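Enquirer: This is run.cif, which holds mmCIF, C-alpha atoms and all ligand atoms:
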```cif
data_coords
loop_
_atom_site.label_atom_id
_atom_site.label_comp_id
_atom_site.auth_asym_id
_atom_site.auth_seq_id
_atom_site.Cartn_x
_atom_site.Cartn_y
_atom_site.Cartn_z
CA VAL A 1 -17.47 -1.62 -14.61
CA THR A 2 -19.61 0.22 -12.09
CA GLN A 3 -18.90 3.72 -10.93
CA ALA A 4 -18.01 2.35 -7.50
CA VAL A 5 -15.14 0.33 -8.94
CA ALA A 6 -13.86 3.38 -10.76
CA ARG A 7 -13.86 5.27 -7.44
CA GLU A 8 -11.75 2.55 -5.77
CA ALA A 9 -9.34 2.56 -8.70
CA ARG A 10 -8.91 6.33 -8.39
CA ILE A 11 -8.23 6.06 -4.65
CA ARG A 12 -5.61 3.35 -5.28
CA ALA A 13 -3.99 5.53 -7.93
CA LEU A 14 -3.89 8.54 -5.57
CA ALA A 15 -2.14 6.41 -2.93
CA GLY A 16 0.32 5.16 -5.55
CA THR A 17 1.16 8.74 -6.56
CA LEU A 18 2.15 9.39 -2.94
CA GLY A 19 4.70 6.55 -3.09
CA PHE A 20 2.64 3.84 -1.38
CA ASP A 21 3.15 0.41 -2.96
CA PRO A 22 1.39 -1.97 -2.66
CA VAL A 23 -2.02 -0.51 -1.84
CA GLY A 24 -5.23 -2.41 -1.05
CA ILE A 25 -8.76 -1.77 0.15
CA THR A 26 -10.66 -3.75 2.75
CA ARG A 27 -13.88 -3.50 4.73
CA LEU A 28 -13.34 -3.26 8.45
CA GLY A 29 -14.47 -6.27 10.43
CA PRO A 30 -13.39 -9.32 12.43
CA ALA A 31 -9.67 -10.23 12.38
CA ASP A 32 -9.15 -13.84 11.28
CA THR A 33 -5.94 -14.21 13.27
CA PHE A 34 -7.31 -12.82 16.56
CA PRO A 35 -7.40 -16.31 18.15
CA ALA A 36 -3.68 -16.67 17.32
CA PHE A 37 -3.05 -13.27 18.93
CA GLU A 38 -4.93 -14.29 22.10
CA ARG A 39 -2.99 -17.55 22.39
CA TRP A 40 0.22 -15.62 21.88
CA LEU A 41 -0.60 -13.24 24.73
CA LYS A 42 -1.60 -16.08 27.03
CA ASN A 43 1.75 -17.76 26.41
CA GLY A 44 3.55 -14.65 27.67
CA PHE A 45 5.23 -13.97 24.32
CA ALA A 46 4.51 -10.22 24.60
CA GLY A 47 7.01 -9.76 27.44
CA GLU A 48 6.99 -6.20 28.79
CA MET A 49 4.87 -4.80 25.92
CA ASN A 50 1.96 -4.00 28.22
CA TYR A 51 0.15 -2.00 25.54
CA LEU A 52 -0.68 -5.27 23.76
CA PRO A 53 -2.82 -6.93 26.46
CA ARG A 54 -4.32 -3.52 27.30
CA GLY A 55 -5.98 -3.08 23.91
CA ALA A 56 -6.38 -6.81 23.35
CA ASN A 57 -10.13 -7.02 23.00
CA LYS A 58 -10.36 -4.27 20.41
CA ARG A 59 -8.01 -6.19 18.14
CA ARG A 60 -10.76 -8.79 17.70
CA ASP A 61 -12.45 -6.58 15.11
CA SER A 62 -11.09 -3.59 13.24
CA THR A 63 -14.44 -1.75 13.46
CA LEU A 64 -14.02 -1.40 17.25
CA PRO A 65 -11.28 1.25 17.53
CA PHE A 66 -13.07 3.75 15.22
CA PRO A 67 -16.75 2.76 15.00
CA GLU A 68 -17.71 5.33 12.32
CA ALA A 69 -15.18 3.97 9.84
CA ARG A 70 -16.31 1.35 7.32
CA SER A 71 -13.33 0.73 5.05
CA ALA A 72 -9.59 1.06 5.08
CA VAL A 73 -7.05 1.87 2.41
CA VAL A 74 -4.08 -0.20 3.54
CA VAL A 75 -0.70 0.95 2.30
CA ALA A 76 2.95 -0.09 2.36
CA LEU A 77 6.00 2.18 2.51
CA ASN A 78 9.30 0.76 1.26
CA TYR A 79 12.35 1.16 3.48
CA GLY A 80 14.99 -0.18 1.11
CA GLY A 81 15.65 -3.83 1.92
CA LYS A 82 18.77 -3.99 -0.25
CA GLN A 83 20.53 -1.30 1.78
CA PRO A 84 23.62 -2.78 3.42
CA ALA A 85 23.09 -4.63 6.69
CA GLY A 86 24.25 -2.76 9.78
CA SER A 87 23.84 -2.63 13.53
CA ILE A 88 20.64 -0.54 13.23
CA ALA A 89 17.67 -2.11 11.43
CA ARG A 90 16.97 -0.54 8.04
CA TYR A 91 13.58 0.88 8.91
CA ALA A 92 15.07 2.93 11.76
CA ARG A 93 17.97 4.71 10.04
CA GLY A 94 16.14 7.83 8.95
CA ALA A 95 13.02 9.76 9.91
CA ASP A 96 10.45 8.17 12.20
CA TYR A 97 8.09 6.26 9.91
CA HIS A 98 5.10 7.14 12.08
CA ASP A 99 5.57 10.81 11.19
CA VAL A 100 6.21 10.13 7.50
CA MET A 101 3.29 7.75 7.17
CA LEU A 102 0.77 9.83 9.15
CA GLU A 103 1.61 12.98 7.23
CA ARG A 104 1.23 11.23 3.92
CA LEU A 105 -2.02 9.54 4.93
CA ASP A 106 -3.34 13.02 5.77
CA VAL A 107 -2.43 14.12 2.25
CA LEU A 108 -4.19 11.05 0.86
CA HIS A 109 -7.27 11.94 2.90
CA GLY A 110 -7.32 15.45 1.37
CA ASP A 111 -6.81 14.01 -2.12
CA ILE A 112 -9.73 11.62 -1.65
CA GLU A 113 -12.01 14.45 -0.49
CA ARG A 114 -11.04 16.53 -3.51
CA GLU A 115 -11.59 13.57 -5.80
CA LEU A 116 -15.05 12.89 -4.36
CA GLY A 117 -15.92 16.57 -4.07
CA ARG A 118 -17.06 16.33 -0.44
CA GLU A 119 -15.88 15.87 3.12
CA VAL A 120 -15.18 12.30 4.23
CA GLY A 121 -14.52 11.35 7.87
CA ALA A 122 -11.17 9.60 8.12
CA LYS A 123 -8.52 8.47 10.58
CA PRO A 124 -4.91 7.87 9.54
CA TYR A 125 -3.47 4.91 11.38
CA VAL A 126 0.02 3.53 11.82
CA ASP A 127 0.68 1.54 14.95
CA THR A 128 -1.39 4.15 16.71
CA GLY A 129 -4.10 1.96 18.20
CA PRO A 130 -5.30 -1.59 18.76
CA ILE A 131 -5.40 -3.06 15.25
CA LEU A 132 -3.68 -6.22 13.99
CA GLU A 133 -2.08 -4.53 11.02
CA ARG A 134 -0.66 -7.59 9.34
CA ASP A 135 -4.09 -9.18 9.49
CA LEU A 136 -5.67 -6.03 8.02
CA ALA A 137 -3.06 -5.97 5.24
CA GLN A 138 -3.74 -9.61 4.42
CA GLN A 139 -7.47 -8.84 4.30
CA ALA A 140 -6.74 -5.98 1.88
CA GLY A 141 -4.89 -8.37 -0.43
CA LEU A 142 -1.39 -6.98 0.21
CA GLY A 143 0.17 -10.38 0.84
CA TRP A 144 0.35 -13.30 3.22
CA ILE A 145 1.68 -13.58 6.77
CA GLY A 146 4.96 -15.45 6.35
CA LYS A 147 6.57 -17.95 8.68
CA ASN A 148 8.68 -15.10 10.10
CA THR A 149 5.32 -13.38 10.94
CA ASN A 150 6.00 -10.58 8.46
CA LEU A 151 3.51 -9.63 5.79
CA ILE A 152 5.08 -10.66 2.49
CA ASN A 153 3.94 -9.32 -0.88
CA PRO A 154 4.52 -11.55 -3.93
CA ASP A 155 6.02 -8.64 -5.95
CA ARG A 156 7.70 -6.59 -3.23
CA GLY A 157 8.92 -8.95 -0.50
CA SER A 158 8.50 -7.70 3.09
CA PHE A 159 10.83 -4.73 3.69
CA PHE A 160 8.03 -2.19 4.04
CA LEU A 161 6.00 -0.59 6.80
CA LEU A 162 2.24 -0.76 6.96
CA GLY A 163 -0.30 1.99 7.47
CA ALA A 164 -3.99 2.50 6.91
CA LEU A 165 -6.43 5.28 6.22
CA LEU A 166 -9.72 4.36 7.90
CA LEU A 167 -12.61 5.94 6.03
CA GLU A 168 -16.27 6.63 6.68
CA LEU A 169 -17.00 5.26 3.22
CA ASP A 170 -18.30 1.92 2.01
CA LEU A 171 -15.65 0.98 -0.49
CA GLU A 172 -15.67 -2.12 -2.67
CA PRO A 173 -12.94 -4.28 -1.07
CA ASP A 174 -10.08 -6.09 -2.78
CA ALA A 175 -9.97 -9.86 -2.39
CA PRO A 176 -8.03 -11.00 0.69
CA PHE A 177 -4.71 -12.70 -0.06
CA GLU A 178 -5.54 -16.32 0.70
CA ALA A 179 -2.49 -18.22 -0.56
CA ASP A 180 0.49 -19.17 1.59
CA ARG A 181 3.55 -18.80 -0.61
CA CYS A 182 6.14 -19.84 1.99
CA GLY A 183 5.90 -23.45 0.86
CA THR A 184 8.43 -25.75 2.52
CA CYS A 185 10.99 -22.96 3.05
CA THR A 186 12.15 -22.57 6.68
CA ARG A 187 15.18 -20.29 6.23
CA CYS A 188 13.88 -17.56 8.54
CA LEU A 189 13.17 -20.01 11.34
CA GLU A 190 16.70 -21.42 11.12
CA ALA A 191 18.50 -18.10 10.70
CA CYS A 192 17.17 -16.48 13.87
CA PRO A 193 20.19 -16.04 16.17
CA THR A 194 18.13 -16.41 19.34
CA ASP A 195 15.85 -19.20 18.11
CA ALA A 196 12.84 -16.99 18.78
CA PHE A 197 10.27 -18.85 16.66
CA VAL A 198 8.25 -21.36 18.65
CA GLU A 199 6.75 -22.62 15.40
CA PRO A 200 6.12 -21.08 11.99
CA ARG A 201 4.16 -17.77 12.42
CA VAL A 202 4.56 -17.77 16.18
CA LEU A 203 7.31 -15.53 17.55
CA ASP A 204 8.30 -15.57 21.20
CA ALA A 205 9.00 -11.85 21.24
CA THR A 206 10.83 -12.14 24.57
CA ARG A 207 13.70 -13.77 22.65
CA CYS A 208 13.55 -11.56 19.57
CA ILE A 209 16.47 -9.10 19.22
CA SER A 210 14.08 -6.49 17.89
CA TYR A 211 12.04 -6.71 21.10
CA LEU A 212 15.12 -6.90 23.33
CA THR A 213 16.84 -3.85 21.83
CA ILE A 214 13.73 -1.66 21.45
CA GLU A 215 10.82 -2.66 23.67
CA HIS A 216 12.44 -4.39 26.64
CA ARG A 217 13.19 -1.79 29.32
CA SER A 218 15.01 -3.81 31.95
CA GLU A 219 18.04 -6.10 32.07
CA ILE A 220 18.51 -8.50 29.19
CA ALA A 221 18.81 -12.16 30.20
CA PRO A 222 22.54 -13.07 30.36
CA GLU A 223 22.10 -16.16 28.16
CA LEU A 224 20.63 -14.05 25.34
CA ARG A 225 23.35 -11.37 25.34
CA PRO A 226 26.01 -13.35 23.42
CA LEU A 227 23.42 -14.21 20.76
CA MET A 228 22.68 -10.57 19.98
CA GLY A 229 25.98 -10.01 18.16
CA GLU A 230 26.58 -6.34 17.43
CA LEU A 231 22.96 -5.36 16.79
CA VAL A 232 21.96 -2.27 18.77
CA TYR A 233 18.51 -1.39 17.42
CA GLY A 234 16.12 -3.84 15.74
CA CYS A 235 16.95 -6.88 13.63
CA ASP A 236 16.45 -7.70 9.95
CA ILE A 237 17.89 -11.22 9.86
CA CYS A 238 14.68 -13.25 9.39
CA GLN A 239 13.80 -10.99 6.44
CA ASP A 240 17.33 -10.89 4.97
CA VAL A 241 17.28 -14.65 4.42
CA CYS A 242 13.82 -14.71 2.83
CA PRO A 243 13.89 -15.71 -0.86
CA TRP A 244 11.08 -13.23 -1.59
CA ASN A 245 13.35 -10.43 -0.43
CA HIS A 246 16.31 -11.77 -2.41
CA ARG A 247 14.14 -11.37 -5.47
CA PHE A 248 12.20 -8.22 -4.76
CA ALA A 249 13.82 -6.04 -2.11
CA SER A 250 14.68 -2.61 -3.52
CA GLU A 251 17.89 -0.60 -3.36
CA ALA A 252 16.50 2.77 -2.43
CA PRO A 253 14.01 3.44 0.36
CA ASP A 254 11.13 5.84 -0.09
CA PRO A 255 12.72 9.32 -0.08
CA GLY A 256 10.94 10.09 3.20
CA LEU A 257 12.88 7.27 4.88
CA THR A 258 16.37 7.96 3.51
CA ALA A 259 18.99 6.64 5.91
CA ARG A 260 21.20 9.03 7.86
CA ALA A 261 24.72 7.74 7.09
CA GLU A 262 25.73 7.94 10.76
CA ASN A 263 22.79 5.73 11.74
CA VAL A 264 23.69 2.61 9.77
CA SER A 265 26.42 1.07 11.93
CA PRO A 266 27.49 3.59 14.56
CA ASN A 267 30.42 2.69 16.73
CA PRO A 268 28.87 1.26 19.92
CA ARG A 269 31.64 2.97 21.88
CA ASP A 270 30.23 6.34 20.81
CA LEU A 271 26.69 5.30 21.67
CA LEU A 272 27.76 4.20 25.12
CA ALA A 273 29.32 7.59 25.80
CA LEU A 274 26.36 9.78 24.78
CA SER A 275 24.84 12.09 27.38
CA ASP A 276 21.06 12.43 27.54
CA GLN A 277 21.30 15.70 25.67
CA GLN A 278 23.62 14.31 22.99
CA PHE A 279 21.28 11.36 22.56
CA ARG A 280 18.33 13.69 22.04
CA GLU A 281 20.21 15.87 19.58
CA ARG A 282 21.46 12.94 17.59
CA PHE A 283 18.31 10.83 17.42
CA SER A 284 15.34 13.18 17.72
CA GLY A 285 12.92 12.64 14.84
CA THR A 286 14.10 9.04 14.39
CA PRO A 287 12.46 5.87 15.75
CA ILE A 288 15.50 5.34 17.98
CA THR A 289 14.28 7.72 20.70
CA ARG A 290 11.90 4.90 21.64
CA ALA A 291 14.72 2.92 23.28
CA LYS A 292 15.78 6.00 25.33
CA ARG A 293 19.42 6.80 26.02
CA ARG A 294 19.66 4.16 28.71
CA GLY A 295 18.28 1.40 26.46
CA LEU A 296 20.59 2.21 23.58
CA ALA A 297 23.60 2.44 25.91
CA ARG A 298 22.68 -0.96 27.38
CA ASN A 299 22.52 -2.41 23.85
CA ALA A 300 25.85 -0.79 22.95
CA ALA A 301 27.51 -2.34 26.03
CA ILE A 302 26.32 -5.78 24.92
CA ALA A 303 27.58 -5.19 21.35
CA ILE A 304 30.97 -4.17 22.76
CA GLY A 305 31.09 -7.28 24.94
CA ASN A 306 30.37 -9.37 21.86
CA ARG A 307 32.84 -7.74 19.47
CA ARG A 308 35.69 -7.89 21.96
CA ASP A 309 37.92 -5.09 20.70
CA ALA A 310 40.37 -4.24 23.49
CA ASN A 311 40.28 -0.56 22.46
CA ASP A 312 36.78 -0.44 23.93
CA ILE A 313 37.87 -1.26 27.48
CA PRO A 314 38.36 2.37 28.61
CA ALA A 315 34.85 3.28 27.36
CA LEU A 316 33.40 0.38 29.33
CA LYS A 317 35.28 1.41 32.45
CA ALA A 318 33.93 4.93 32.07
CA ALA A 319 30.41 3.49 31.77
CA LEU A 320 30.78 1.91 35.22
CA ASP A 321 30.04 5.46 36.43
CA ASP A 322 26.95 5.88 34.26
CA PRO A 323 24.02 7.41 36.19
CA GLU A 324 21.79 4.50 35.13
CA PRO A 325 22.18 1.20 37.04
CA LEU A 326 20.99 -0.60 33.88
CA VAL A 327 23.95 0.73 31.89
CA ARG A 328 26.46 0.06 34.67
CA HIS A 329 25.22 -3.52 34.94
CA HIS A 330 25.68 -4.27 31.24
CA ALA A 331 29.04 -2.46 31.06
CA ARG A 332 30.24 -4.69 33.86
CA TRP A 333 29.07 -7.76 31.94
CA ALA A 334 30.88 -6.54 28.83
CA LEU A 335 34.12 -6.06 30.79
CA GLU A 336 33.78 -9.62 32.04
CA GLN A 337 33.77 -10.77 28.41
CA PHE A 338 37.31 -9.36 28.17
CA GLY A 339 38.29 -11.23 31.32
CA VAL A 340 38.37 -7.96 33.26
CA ASP A 341 37.22 -8.59 36.80
CA VAL A 342 35.13 -5.72 38.09
CA ALA A 343 34.81 -5.34 41.81
CA GLY A 344 32.05 -3.42 43.56
CA GLU A 345 28.35 -3.35 43.06
CA THR A 346 26.52 -1.97 40.03
C1 LIG B 1 4.38 -5.79 18.83
C2 LIG B 1 5.08 -5.60 17.52
C3 LIG B 1 6.37 -6.13 17.40
C4 LIG B 1 6.98 -7.05 18.45
C5 LIG B 1 6.39 -8.47 18.30
C6 LIG B 1 6.35 -8.92 16.84
C7 LIG B 1 5.67 -10.21 16.60
N1 LIG B 1 5.98 -10.87 15.52
O1 LIG B 1 4.87 -10.63 17.41
C8 LIG B 1 8.49 -6.94 18.13
C9 LIG B 1 9.09 -5.83 18.96
C10 LIG B 1 9.31 -8.22 18.32
C11 LIG B 1 8.43 -6.49 16.66
C12 LIG B 1 9.47 -6.68 15.79
C13 LIG B 1 9.44 -6.29 14.46
N2 LIG B 1 8.51 -5.53 13.87
CO1 LIG B 1 6.84 -5.08 14.71
N3 LIG B 1 5.16 -4.64 15.36
C14 LIG B 1 4.46 -4.90 16.46
C15 LIG B 1 3.04 -4.33 16.42
C16 LIG B 1 2.99 -3.02 17.22
C17 LIG B 1 1.96 -5.29 16.93
C18 LIG B 1 2.13 -6.71 16.36
C19 LIG B 1 1.34 -7.72 17.13
O2 LIG B 1 0.18 -7.53 17.40
N4 LIG B 1 2.01 -8.81 17.51
C20 LIG B 1 1.36 -9.90 18.14
C21 LIG B 1 1.52 -11.12 17.26
C22 LIG B 1 0.68 -12.32 17.73
O3 LIG B 1 1.06 -10.71 16.00
P1 LIG B 1 1.93 -10.87 14.69
O4 LIG B 1 3.33 -11.14 15.03
O5 LIG B 1 1.64 -9.74 13.78
O6 LIG B 1 1.40 -12.26 14.19
C23 LIG B 1 0.28 -12.46 13.38
C24 LIG B 1 0.51 -13.73 12.57
O7 LIG B 1 1.72 -14.33 12.94
C25 LIG B 1 -0.72 -14.54 12.77
N5 LIG B 1 -0.53 -15.86 13.24
C26 LIG B 1 -0.05 -16.22 14.43
N6 LIG B 1 -0.05 -17.55 14.51
C27 LIG B 1 -0.58 -18.03 13.37
C28 LIG B 1 -0.79 -19.33 12.95
C29 LIG B 1 -1.33 -19.52 11.70
C30 LIG B 1 -1.57 -20.91 11.26
C31 LIG B 1 -1.66 -18.39 10.87
C32 LIG B 1 -2.25 -18.58 9.54
C33 LIG B 1 -1.42 -17.10 11.33
C34 LIG B 1 -0.87 -16.97 12.56
O8 LIG B 1 -1.57 -13.89 13.69
C35 LIG B 1 -0.92 -12.81 14.30
C36 LIG B 1 -1.94 -11.69 14.51
O9 LIG B 1 -2.37 -11.13 13.28
C37 LIG B 1 2.86 -4.07 14.87
C38 LIG B 1 1.92 -2.92 14.50
C39 LIG B 1 0.47 -3.33 14.62
N7 LIG B 1 -0.31 -2.53 15.28
O10 LIG B 1 0.09 -4.38 14.17
C40 LIG B 1 4.30 -3.89 14.39
C41 LIG B 1 4.66 -4.45 13.01
C42 LIG B 1 4.07 -5.82 12.90
N8 LIG B 1 6.16 -4.56 13.06
C43 LIG B 1 6.72 -4.29 11.95
C44 LIG B 1 8.12 -4.40 11.73
C45 LIG B 1 8.68 -3.76 10.49
C46 LIG B 1 8.94 -5.08 12.66
C47 LIG B 1 10.43 -5.49 12.46
C48 LIG B 1 10.80 -5.93 11.06
C49 LIG B 1 11.33 -4.30 12.92
C50 LIG B 1 12.83 -4.63 12.96
N9 LIG B 1 13.51 -4.62 11.84
O11 LIG B 1 13.38 -4.83 14.01
C51 LIG B 1 10.54 -6.65 13.49
C52 LIG B 1 10.23 -8.02 12.85
C53 LIG B 1 10.30 -9.16 13.82
C54 LIG B 1 9.33 -10.28 13.43
N10 LIG B 1 9.82 -11.39 12.94
O12 LIG B 1 8.12 -10.08 13.59
C55 LIG B 1 5.72 -3.94 10.85
C56 LIG B 1 5.53 -5.17 9.93
C57 LIG B 1 5.56 -4.91 8.43
C58 LIG B 1 5.44 -6.22 7.68
N11 LIG B 1 5.86 -6.24 6.41
O13 LIG B 1 4.95 -7.21 8.18
C59 LIG B 1 4.44 -3.56 11.72
C60 LIG B 1 3.11 -3.86 11.04
C61 LIG B 1 4.56 -2.06 12.05
C62 LIG B 1 4.15 -1.16 10.89
N12 LIG B 1 3.22 -0.27 11.09
O14 LIG B 1 4.66 -1.27 9.80
N13 LIG B 1 7.27 -5.94 16.36
S1 LIG B 2 13.97 -10.07 14.01
FE1 LIG B 2 15.95 -11.18 14.38
S2 LIG B 2 15.82 -11.97 16.50
FE2 LIG B 2 13.70 -11.33 15.88
S3 LIG B 2 12.78 -13.21 15.08
FE3 LIG B 2 13.70 -12.19 13.30
S4 LIG B 2 15.80 -13.08 13.15
FE4 LIG B 2 15.00 -13.60 15.21
#
```
Take the structure from the file and write it as structure tokens.
Expert:
Amino acid sequence: VTQAVAREARIRALAGTLGFDPVGITRLGPADTFPAFERWLKNGFAGEMNYLPRGANKRRDSTLPFPEARSAVVVALNYGGKQPAGSIARYARGADYHDVMLERLDVLHGDIERELGREVGAKPYVDTGPILERDLAQQAGLGWIGKNTNLINPDRGSFFLLGALLLELDLEPDAPFEADRCGTCTRCLEACPTDAFVEPRVLDATRCISYLTIEHRSEIAPELRPLMGELVYGCDICQDVCPWNHRFASEAPDPGLTARAENVSPNPRDLLALSDQQFRERFSGTPITRAKRRGLARNAAIAIGNRRDANDIPALKAALDDPEPLVRHHARWALEQFGVDVAGET
């Protein structure tokens, strides 16, 4: 065993001590799945996520965003896949994972410098630039890209977030994960309520409930609304049905991502009634701020239209006076689901 290998082992152990699991090391370089990404963009599957075409070319090769970096420590952070299902996706029920992950990657950076006894240029990365993270994780040996497009680890399933510490170090890489362990299973493709998979490993995001509830800013297509059920932020369904998660998902999330009890399945009636200030107070520091008050209220109106509880009708009528046309429009749709005819424009 060379000294270099011992150094990589120590870095992996440091990351493990911080709660990251699994952990892998890769050299930065060309992304194998970039052609699939380009095709996906060309087909319009990115919808309104304009930041994807904007940084498209850099995703070709993970050396492009940070040219001084040579290697990456790629890490996973568990968000507790066995937590009960609810109307908010599991990853989004507690602190914003970007904050948790970035802070911890900074700690890892300091630990590595101490371990090596010198300064090392580094850049913590989580969704913060143009990198195909699932590709990078596959390169680092963390798992394979499943038919539901999630990165699946053979001992941990897929209910984790990915991050990377890009380092100005030439580290000995782990072997990429080459196998495809999905086999003939197609449960995720069949379980998707909106039929969002065009084929295995290709998601038409414009139909995905995660996209619709989080990234899509405008009206949601009327034909998709009934298929969204009562989900108001994100969707875990194509991971819930995965046999790898049945076997390996864990009960408790990383302590940094502990769920706030009120953010598991909030009453959509309450969400619809929040003012901008109440929204900020309730959700600041969580990923949910990304949808903005108007987006979450729109989603809540759809959930109410789908659950059809007559007690919600007064809340919907009140939302016809919402300052946002987007919210008024979806409240009107929800009232129509109760057979209430709403006159006037929205
Ligand atoms: C845009 C985005 C989304 C979009 C689009 C997702 C998608 N599947 O395209 C939306 C909003 C829908 C979304 C949803 C979710 N996301 Co998201 N998302 C991203 C983001 C920012 C970019 C992903 C991207 O480039 N998509 C474009 C498509 C083409 O890439 P891809 O889906 O990853 O697909 C790859 C493979 O499918 C492969 N491929 C495609 N075709 C083929 C064909 C063959 C034959 C092969 C071998 C491979 C292959 O190539 C693609 C490029 O690498 C990443 C962070 C990052 N910077 O990477 C997080 C990220 C992928 N998301 C993440 C999470 C957790 C989610 C959700 C689970 C959240 C939720 N509960 O609601 C859902 C899961 C939905 C799903 N089935 O993917 C995690 C994934 C962790 C994991 N274990 O995989 C990431 C890495 C964020 C993070 N830092 O942790 N997301
Ligand atoms: S996250 Fe939900 S809506 Fe999106 S592809 Fe998976 S099952 Fe379908």
Enquirer: Which residues form the shell of 6 Å around ligand LIG 1 (chain B) when you count only C-alpha atoms and all ligand atoms, given as a ChimeraX atom specification?
Expert: /A:33-34,36-37,40,89,126-127,131-135,145,148-152,158-163,201-203,205,208,210-211,215,234-236
Enquirer: Taking (3.7, -20.0, 24.4) in the coordinates of the supplied file, I want to know which residues reach to within 12 Å of it, counting all atoms listed in the file; could you give the answer as a ChimeraX atom specification?
Expert: /A:36-47,196-199,202-207
Enquirer: Go through A:Ala300, A:Arg280, A:Leu274, A:Pro124 and flag the residue nearest Gly110 in chain A, using only C-alpha atoms for the distances.
Expert: A:Pro124
Enquirer: Using all atoms listed in the file for the distances, tell me which of A:Glu230, A:Glu251, A:Glu190, A:Asp106 is nearest to Ile209 in chain A.
Expert: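 Ranking A:Glu230, A:Glu251, A:Glu190, A:Asp106 by distance to Ile209 in chain A, first place goes to A:Glu230.
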Enquirer: Give me the residues within 9 Å of Ser250 in chain A as a ChimeraX atom specification, counting all atoms listed in the file and dropping any in the same chain fewer than 4 places off.
Expert: /A:78-83,156,159,245
Enquirer: Which residues are near Leu272 in chain A? Cut-off 12 Å, only C-alpha atoms, ignore same chain within fewer than 5 positions. Put them as a ChimeraX atom specification.
Expert: /A:232,266-267,278-279,293-305,312-322,324,327-328,330-331,334
Enquirer: Just give me the gap between CA of Ala164 in chain A and CA of Ala72 in chain A in Å, one decimal is fine.
Expert: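 That distance, rounded to one decimal, is 6.1 Å.
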Enquirer: Hey, which of A:Gly143, A:Arg10, A:Arg118, A:Pro173 ends up closest to Leu28 in chain A? Count all atoms listed in the file.
Expert: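 Nearest to Leu28 in chain A: A:Pro173.
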Enquirer: What's around Ser265 in chain A at 7 Å? Count all atoms listed in the file, leave out sequence neighbours fewer than 6 positions away in its own chain, and write the answer as a VMD selection string.
Expert: chain A and resid 86 to 88
Enquirer: What would the file look like if the residues just selected were written as a PDB file, in the coordinates of the input with C-alpha atoms?
Expert:
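Written out: out_34.pdb:
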```
ATOM      1  CA  GLY A  86      24.250  -2.760   9.780  1.00  0.00           C
ATOM      2  CA  SER A  87      23.840  -2.630  13.530  1.00  0.00           C
ATOM      3  CA  ILE A  88      20.640  -0.540  13.230  1.00  0.00           C
TER       4      ILE A  88
END
```
Enquirer: To one decimal in Å, tell me the separation between CA of Lys292 in chain A and CA of Arg93 in chain A.
Expert: 15.5 Å
Enquirer: Could you state the separation of CA of Phe177 in chain A and CA of Pro154 in chain A in Å, given to one decimal place?
Expert: 10.1 Å
